[in-house]
$ cat structure.cif   # mmCIF, C-alpha atoms, pLDDT in the B column; chains and numbers go by the auth columns
data_coords
#
loop_
_atom_site.group_PDB
_atom_site.id
_atom_site.type_symbol
_atom_site.label_atom_id
_atom_site.label_comp_id
_atom_site.label_asym_id
_atom_site.label_seq_id
_atom_site.Cartn_x
_atom_site.Cartn_y
_atom_site.Cartn_z
_atom_site.B_iso_or_equiv
_atom_site.auth_seq_id
_atom_site.auth_asym_id
ATOM 1 C CA MET A 1 0.000 0.000 0.000 62.00 29 A
ATOM 2 C CA SER A 2 1.350 3.405 -0.928 64.00 30 A
ATOM 3 C CA ASP A 3 0.297 7.003 -0.671 68.00 31 A
ATOM 4 C CA PRO A 4 -0.501 9.160 -3.731 73.00 32 A
ATOM 5 C CA GLU A 5 3.188 10.095 -4.041 70.00 33 A
ATOM 6 C CA GLY A 6 4.215 6.419 -4.181 69.00 34 A
ATOM 7 C CA GLN A 7 5.650 6.211 -0.656 73.00 35 A
ATOM 8 C CA VAL A 8 5.097 2.700 0.727 69.00 36 A
ATOM 9 C CA LEU A 9 2.925 2.867 3.848 67.00 37 A
ATOM 10 C CA ALA A 10 2.387 -0.838 4.511 68.00 38 A
ATOM 11 C CA GLU A 11 3.069 -4.208 2.936 67.00 39 A
ATOM 12 C CA GLU A 12 1.801 -7.622 3.807 67.00 40 A
ATOM 13 C CA GLY A 13 1.783 -11.054 2.247 70.00 41 A
ATOM 14 C CA LEU A 14 -0.559 -13.760 3.422 70.00 42 A
ATOM 15 C CA TYR A 15 -0.499 -17.485 2.739 69.00 43 A
ATOM 16 C CA ILE A 16 -3.989 -18.639 1.748 76.00 44 A
ATOM 17 C CA GLY A 17 -3.275 -22.251 0.806 80.00 45 A
ATOM 18 C CA GLU A 18 -4.083 -23.669 -2.604 81.00 46 A
ATOM 19 C CA ALA A 19 -6.301 -21.366 -4.604 81.00 47 A
ATOM 20 C CA THR A 20 -6.865 -20.227 -8.158 87.00 48 A
ATOM 21 C CA ASN A 21 -5.138 -17.076 -9.354 86.00 49 A
ATOM 22 C CA ASN A 22 -8.450 -15.233 -9.343 91.00 50 A
ATOM 23 C CA VAL A 23 -9.206 -16.215 -5.748 93.00 51 A
ATOM 24 C CA ALA A 24 -5.688 -15.127 -4.766 88.00 52 A
ATOM 25 C CA GLU A 25 -6.183 -11.787 -6.546 90.00 53 A
ATOM 26 C CA TYR A 26 -9.442 -11.140 -4.685 94.00 54 A
ATOM 27 C CA ARG A 27 -7.797 -12.099 -1.376 93.00 55 A
ATOM 28 C CA ALA A 28 -5.006 -9.627 -2.137 89.00 56 A
ATOM 29 C CA VAL A 29 -7.534 -6.875 -2.857 93.00 57 A
ATOM 30 C CA LEU A 30 -9.328 -7.625 0.416 95.00 58 A
ATOM 31 C CA LEU A 31 -6.058 -7.600 2.367 92.00 59 A
ATOM 32 C CA GLY A 32 -5.102 -4.269 0.790 91.00 60 A
ATOM 33 C CA LEU A 33 -8.466 -2.759 1.640 95.00 61 A
ATOM 34 C CA GLU A 34 -8.125 -3.973 5.225 95.00 62 A
ATOM 35 C CA LEU A 35 -4.686 -2.353 5.455 92.00 63 A
ATOM 36 C CA ALA A 36 -6.038 0.889 3.970 93.00 64 A
ATOM 37 C CA ARG A 37 -8.861 0.932 6.508 95.00 65 A
ATOM 38 C CA SER A 38 -6.446 0.273 9.378 93.00 66 A
ATOM 39 C CA LEU A 39 -4.341 3.246 8.261 92.00 67 A
ATOM 40 C CA GLY A 40 -7.385 5.516 8.150 94.00 68 A
ATOM 41 C CA ALA A 41 -7.566 5.952 4.382 94.00 69 A
ATOM 42 C CA SER A 42 -10.711 7.616 3.096 95.00 70 A
ATOM 43 C CA SER A 43 -9.926 7.018 -0.573 94.00 71 A
ATOM 44 C CA VAL A 44 -8.275 4.060 -2.307 94.00 72 A
ATOM 45 C CA GLU A 45 -7.081 3.105 -5.752 91.00 73 A
ATOM 46 C CA VAL A 46 -6.930 -0.663 -6.218 90.00 74 A
ATOM 47 C CA VAL A 47 -4.081 -1.537 -8.575 87.00 75 A
ATOM 48 C CA ASN A 48 -3.681 -5.168 -9.583 86.00 76 A
ATOM 49 C CA ASP A 49 -2.497 -7.276 -12.466 82.00 77 A
ATOM 50 C CA SER A 50 -5.672 -9.309 -12.919 89.00 78 A
ATOM 51 C CA GLU A 51 -7.741 -7.903 -15.740 91.00 79 A
ATOM 52 C CA LEU A 52 -10.664 -10.120 -14.733 94.00 80 A
ATOM 53 C CA VAL A 53 -10.723 -8.970 -11.108 95.00 81 A
ATOM 54 C CA ALA A 54 -10.201 -5.309 -12.010 94.00 82 A
ATOM 55 C CA ARG A 55 -13.013 -5.376 -14.547 95.00 83 A
ATOM 56 C CA GLN A 56 -15.364 -7.284 -12.262 97.00 84 A
ATOM 57 C CA ILE A 57 -14.796 -4.774 -9.472 96.00 85 A
ATOM 58 C CA GLY A 58 -15.089 -1.909 -11.967 95.00 86 A
ATOM 59 C CA GLY A 59 -18.387 -3.279 -13.275 95.00 87 A
ATOM 60 C CA GLN A 60 -17.276 -3.968 -16.846 95.00 88 A
ATOM 61 C CA TYR A 61 -17.459 -7.767 -16.397 96.00 89 A
ATOM 62 C CA LYS A 62 -20.135 -9.813 -14.677 96.00 90 A
ATOM 63 C CA VAL A 63 -19.071 -12.254 -11.979 97.00 91 A
ATOM 64 C CA LYS A 64 -20.136 -15.536 -13.543 96.00 92 A
ATOM 65 C CA ASN A 65 -18.027 -17.894 -11.428 95.00 93 A
ATOM 66 C CA PRO A 66 -20.023 -18.842 -8.304 96.00 94 A
ATOM 67 C CA GLY A 67 -16.789 -19.325 -6.370 93.00 95 A
ATOM 68 C CA LEU A 68 -15.744 -15.720 -6.994 96.00 96 A
ATOM 69 C CA ARG A 69 -19.101 -14.107 -6.276 97.00 97 A
ATOM 70 C CA PRO A 70 -18.733 -14.059 -2.439 97.00 98 A
ATOM 71 C CA LEU A 71 -15.231 -12.568 -2.745 97.00 99 A
ATOM 72 C CA TRP A 72 -16.497 -9.924 -5.181 98.00 100 A
ATOM 73 C CA GLN A 73 -19.367 -9.099 -2.810 98.00 101 A
ATOM 74 C CA GLU A 74 -16.952 -8.814 0.109 98.00 102 A
ATOM 75 C CA ALA A 75 -14.683 -6.529 -1.939 97.00 103 A
ATOM 76 C CA MET A 76 -17.579 -4.330 -3.007 98.00 104 A
ATOM 77 C CA THR A 77 -18.801 -4.058 0.581 98.00 105 A
ATOM 78 C CA ALA A 78 -15.303 -3.093 1.726 97.00 106 A
ATOM 79 C CA LEU A 79 -14.942 -0.516 -1.059 97.00 107 A
ATOM 80 C CA ARG A 80 -18.217 1.160 -0.087 96.00 108 A
ATOM 81 C CA GLU A 81 -16.662 1.974 3.305 96.00 109 A
ATOM 82 C CA PHE A 82 -14.366 4.484 1.584 97.00 110 A
ATOM 83 C CA ASP A 83 -15.423 7.968 0.491 97.00 111 A
ATOM 84 C CA SER A 84 -14.069 7.235 -2.980 96.00 112 A
ATOM 85 C CA TRP A 85 -12.343 4.410 -4.779 96.00 113 A
ATOM 86 C CA SER A 86 -11.113 3.351 -8.183 94.00 114 A
ATOM 87 C CA VAL A 87 -9.635 0.234 -9.693 94.00 115 A
ATOM 88 C CA GLN A 88 -6.851 -0.043 -12.232 89.00 116 A
ATOM 89 C CA ASN A 89 -5.367 -3.014 -14.036 85.00 117 A
ATOM 90 C CA VAL A 90 -1.612 -2.904 -14.721 80.00 118 A
ATOM 91 C CA PRO A 91 0.670 -5.348 -16.511 74.00 119 A
ATOM 92 C CA ARG A 92 2.256 -7.930 -14.235 71.00 120 A
ATOM 93 C CA ALA A 93 5.691 -6.440 -14.939 72.00 121 A
ATOM 94 C CA LEU A 94 4.553 -3.213 -13.241 67.00 122 A
ATOM 95 C CA ASN A 95 3.338 -5.111 -10.191 68.00 123 A
ATOM 96 C CA ALA A 96 6.568 -6.958 -9.345 66.00 124 A
ATOM 97 C CA ARG A 97 6.488 -6.102 -5.628 66.00 125 A
ATOM 98 C CA ALA A 98 3.166 -7.922 -5.266 68.00 126 A
ATOM 99 C CA ASP A 99 4.755 -11.056 -6.723 67.00 127 A
ATOM 100 C CA GLU A 100 7.679 -10.695 -4.308 71.00 128 A
ATOM 101 C CA LEU A 101 5.285 -10.510 -1.354 67.00 129 A
ATOM 102 C CA VAL A 102 3.492 -13.651 -2.579 66.00 130 A
ATOM 103 C CA ASN A 103 6.765 -15.532 -2.877 62.00 131 A
ATOM 104 C CA GLU A 104 7.807 -14.418 0.614 70.00 132 A
ATOM 105 C CA ALA A 105 4.493 -15.657 2.052 65.00 133 A
ATOM 106 C CA LEU A 106 4.897 -18.997 0.242 60.00 134 A
ATOM 107 C CA ASP A 107 8.456 -19.351 1.543 65.00 135 A
ATOM 108 C CA ARG A 108 7.308 -18.649 5.124 73.00 136 A
ATOM 109 C CA ALA A 109 4.544 -21.253 4.809 71.00 137 A
ATOM 110 C CA ALA A 110 6.990 -23.833 3.449 72.00 138 A
ATOM 111 C CA GLY A 111 9.223 -23.307 6.476 77.00 139 A
#
$ encode --input "structure.cif" --output "structure tokens"
Amino acid sequence: MSDPEGQVLAEEGLYIGEATNNVAEYRAVLLGLELARSLGASSVEVVNDSELVARQIGGQYKVKNPGLRPLWQEAMTALREFDSWSVQNVPRALNARADELVNEALDRAAG
């Protein structure tokens, strides 16, 4: 999580066990929103490298997968707690730190 100037305010990786990439992306969004709330943010911009998740949250895609629907609903509920929010999809290459955090969480879980 970073401020509008790009200064990192908080980072966290969480092991969630075996899951699809889309489930992992939603879990990451939810973790980021929880961190933003804990830091007192009133506005958030969700930046992730999953086009599907970004477009589902942004309303361009319907959530057809029944396994993703509860995660989408949880994300939408969490987003409504902020005064304003936006979502942006970026190429994976521009989201390298997120991949590093995932790998660190996997390494911790593996012992």
$ closest_residue --input "structure.cif" --among "A:Gln116, A:Ser78, A:Ser70, A:Asn50" --to "Arg97 in chain A" --atoms "only C-alpha atoms"
A:Asn50
$ atom_distance --input "structure.cif" --atom1 "CA of Gly86 in chain A" --atom2 "CA of Met104 in chain A"
9.6 Å
$ residues_around --input "structure.cif" --residues "Gln88 in chain A" --least-positions-apart "6" --cutoff "12 Å" --atoms "only C-alpha atoms" --output "list in words"
Glu79, Leu80, Val81, Ala82 and Val115 of chain A
$ write_last_selection --input "structure.cif" --atoms "C-alpha atoms" --output "mmCIF file, in the frame of the given file"
data_model
loop_
_atom_site.group_PDB
_atom_site.id
_atom_site.type_symbol
_atom_site.label_atom_id
_atom_site.label_comp_id
_atom_site.auth_asym_id
_atom_site.auth_seq_id
_atom_site.Cartn_x
_atom_site.Cartn_y
_atom_site.Cartn_z
ATOM 1 C CA GLU A 79 -7.741 -7.903 -15.740
ATOM 2 C CA LEU A 80 -10.664 -10.120 -14.733
ATOM 3 C CA VAL A 81 -10.723 -8.970 -11.108
ATOM 4 C CA ALA A 82 -10.201 -5.309 -12.010
ATOM 5 C CA VAL A 115 -9.635 0.234 -9.693
#
$ atom_distance --input "structure.cif" --atom1 "CA of Pro32 in chain A" --atom2 "CA of Asn117 in chain A"
16.7 Å
$ atom_distance --input "structure.cif" --atom1 "CA of Ile44 in chain A" --atom2 "CA of Val57 in chain A"
13.1 Å
$ resolve_selection --input "structure.cif" --expression "the PyMOL selection byres ((chain A and resi 93) around 12)" --output "VMD selection string"
chain A and resid 48 50 to 51 80 to 81 84 89 to 92 94 to 100
$ write_last_selection --input "structure.cif" --atoms "C-alpha atoms" --output "mmCIF file, in the coordinates of the input"
data_model
loop_
_atom_site.group_PDB
_atom_site.id
_atom_site.type_symbol
_atom_site.label_atom_id
_atom_site.label_comp_id
_atom_site.auth_asym_id
_atom_site.auth_seq_id
_atom_site.Cartn_x
_atom_site.Cartn_y
_atom_site.Cartn_z
ATOM 1 C CA THR A 48 -6.865 -20.227 -8.158
ATOM 2 C CA ASN A 50 -8.450 -15.233 -9.343
ATOM 3 C CA VAL A 51 -9.206 -16.215 -5.748
ATOM 4 C CA LEU A 80 -10.664 -10.120 -14.733
ATOM 5 C CA VAL A 81 -10.723 -8.970 -11.108
ATOM 6 C CA GLN A 84 -15.364 -7.284 -12.262
ATOM 7 C CA TYR A 89 -17.459 -7.767 -16.397
ATOM 8 C CA LYS A 90 -20.135 -9.813 -14.677
ATOM 9 C CA VAL A 91 -19.071 -12.254 -11.979
ATOM 10 C CA LYS A 92 -20.136 -15.536 -13.543
ATOM 11 C CA PRO A 94 -20.023 -18.842 -8.304
ATOM 12 C CA GLY A 95 -16.789 -19.325 -6.370
ATOM 13 C CA LEU A 96 -15.744 -15.720 -6.994
ATOM 14 C CA ARG A 97 -19.101 -14.107 -6.276
ATOM 15 C CA PRO A 98 -18.733 -14.059 -2.439
ATOM 16 C CA LEU A 99 -15.231 -12.568 -2.745
ATOM 17 C CA TRP A 100 -16.497 -9.924 -5.181
#
$ residues_around --input "structure.cif" --residues "Ser114 in chain A" --least-positions-apart "2" --cutoff "7 Å" --atoms "all atoms listed in the file" --output "short mmCIF file (atom, residue, chain, number, x, y, z; two decimals) with C-alpha atoms, keeping the file's coordinate frame"
data_model
loop_
_atom_site.label_atom_id
_atom_site.label_comp_id
_atom_site.auth_asym_id
_atom_site.auth_seq_id
_atom_site.Cartn_x
_atom_site.Cartn_y
_atom_site.Cartn_z
CA VAL A 72 -8.28 4.06 -2.31
CA GLU A 73 -7.08 3.10 -5.75
CA VAL A 74 -6.93 -0.66 -6.22
CA GLN A 116 -6.85 -0.04 -12.23
#
$ residues_around --input "structure.cif" --residues "Ser71 in chain A" --least-positions-apart "4" --cutoff "10 Å" --atoms "all atoms listed in the file" --output "list of chain:residue names"
A:Ala64, A:Arg65, A:Leu107, A:Glu109, A:Phe110, A:Asp111, A:Ser112, A:Trp113, A:Ser114
$ axis_aligned_box --input "structure.cif" --around "range 88-93 of chain A" --padding-each-side "6 Å" --output "JSON"
{"center_x": -18.7, "center_y": -10.9, "center_z": -14.1, "size_x": 14.9, "size_y": 25.9, "size_z": 17.4}
$ closest_residue --input "structure.cif" --among "A:Pro119, A:Glu132, A:Leu61, A:Ala138" --to "Asn76 in chain A" --atoms "all atoms listed in the file"
A:Pro119
$ closest_residue --input "structure.cif" --among "A:Gln35, A:Arg108, A:Asp77, A:Asn49" --to "Ala121 in chain A" --atoms "all atoms listed in the file"
A:Asp77
$ decode --input "structure.cif" --residues "range 82-99 of chain A" --atoms "C-alpha atoms" --output "compact mmCIF listing (two decimals), in the first residue's frame"
# COMPACT_ATOMS: atom_id res chain seq x y z
CA ALA A 82 -10.20 -5.31 -12.01
CA ARG A 83 -13.01 -5.38 -14.55
CA GLN A 84 -15.36 -7.28 -12.26
CA ILE A 85 -14.80 -4.77 -9.47
CA GLY A 86 -15.09 -1.91 -11.97
CA GLY A 87 -18.39 -3.28 -13.28
CA GLN A 88 -17.28 -3.97 -16.85
CA TYR A 89 -17.46 -7.77 -16.40
CA LYS A 90 -20.14 -9.81 -14.68
CA VAL A 91 -19.07 -12.25 -11.98
CA LYS A 92 -20.14 -15.54 -13.54
CA ASN A 93 -18.03 -17.89 -11.43
CA PRO A 94 -20.02 -18.84 -8.30
CA GLY A 95 -16.79 -19.33 -6.37
CA LEU A 96 -15.74 -15.72 -6.99
CA ARG A 97 -19.10 -14.11 -6.28
CA PRO A 98 -18.73 -14.06 -2.44
CA LEU A 99 -15.23 -12.57 -2.74
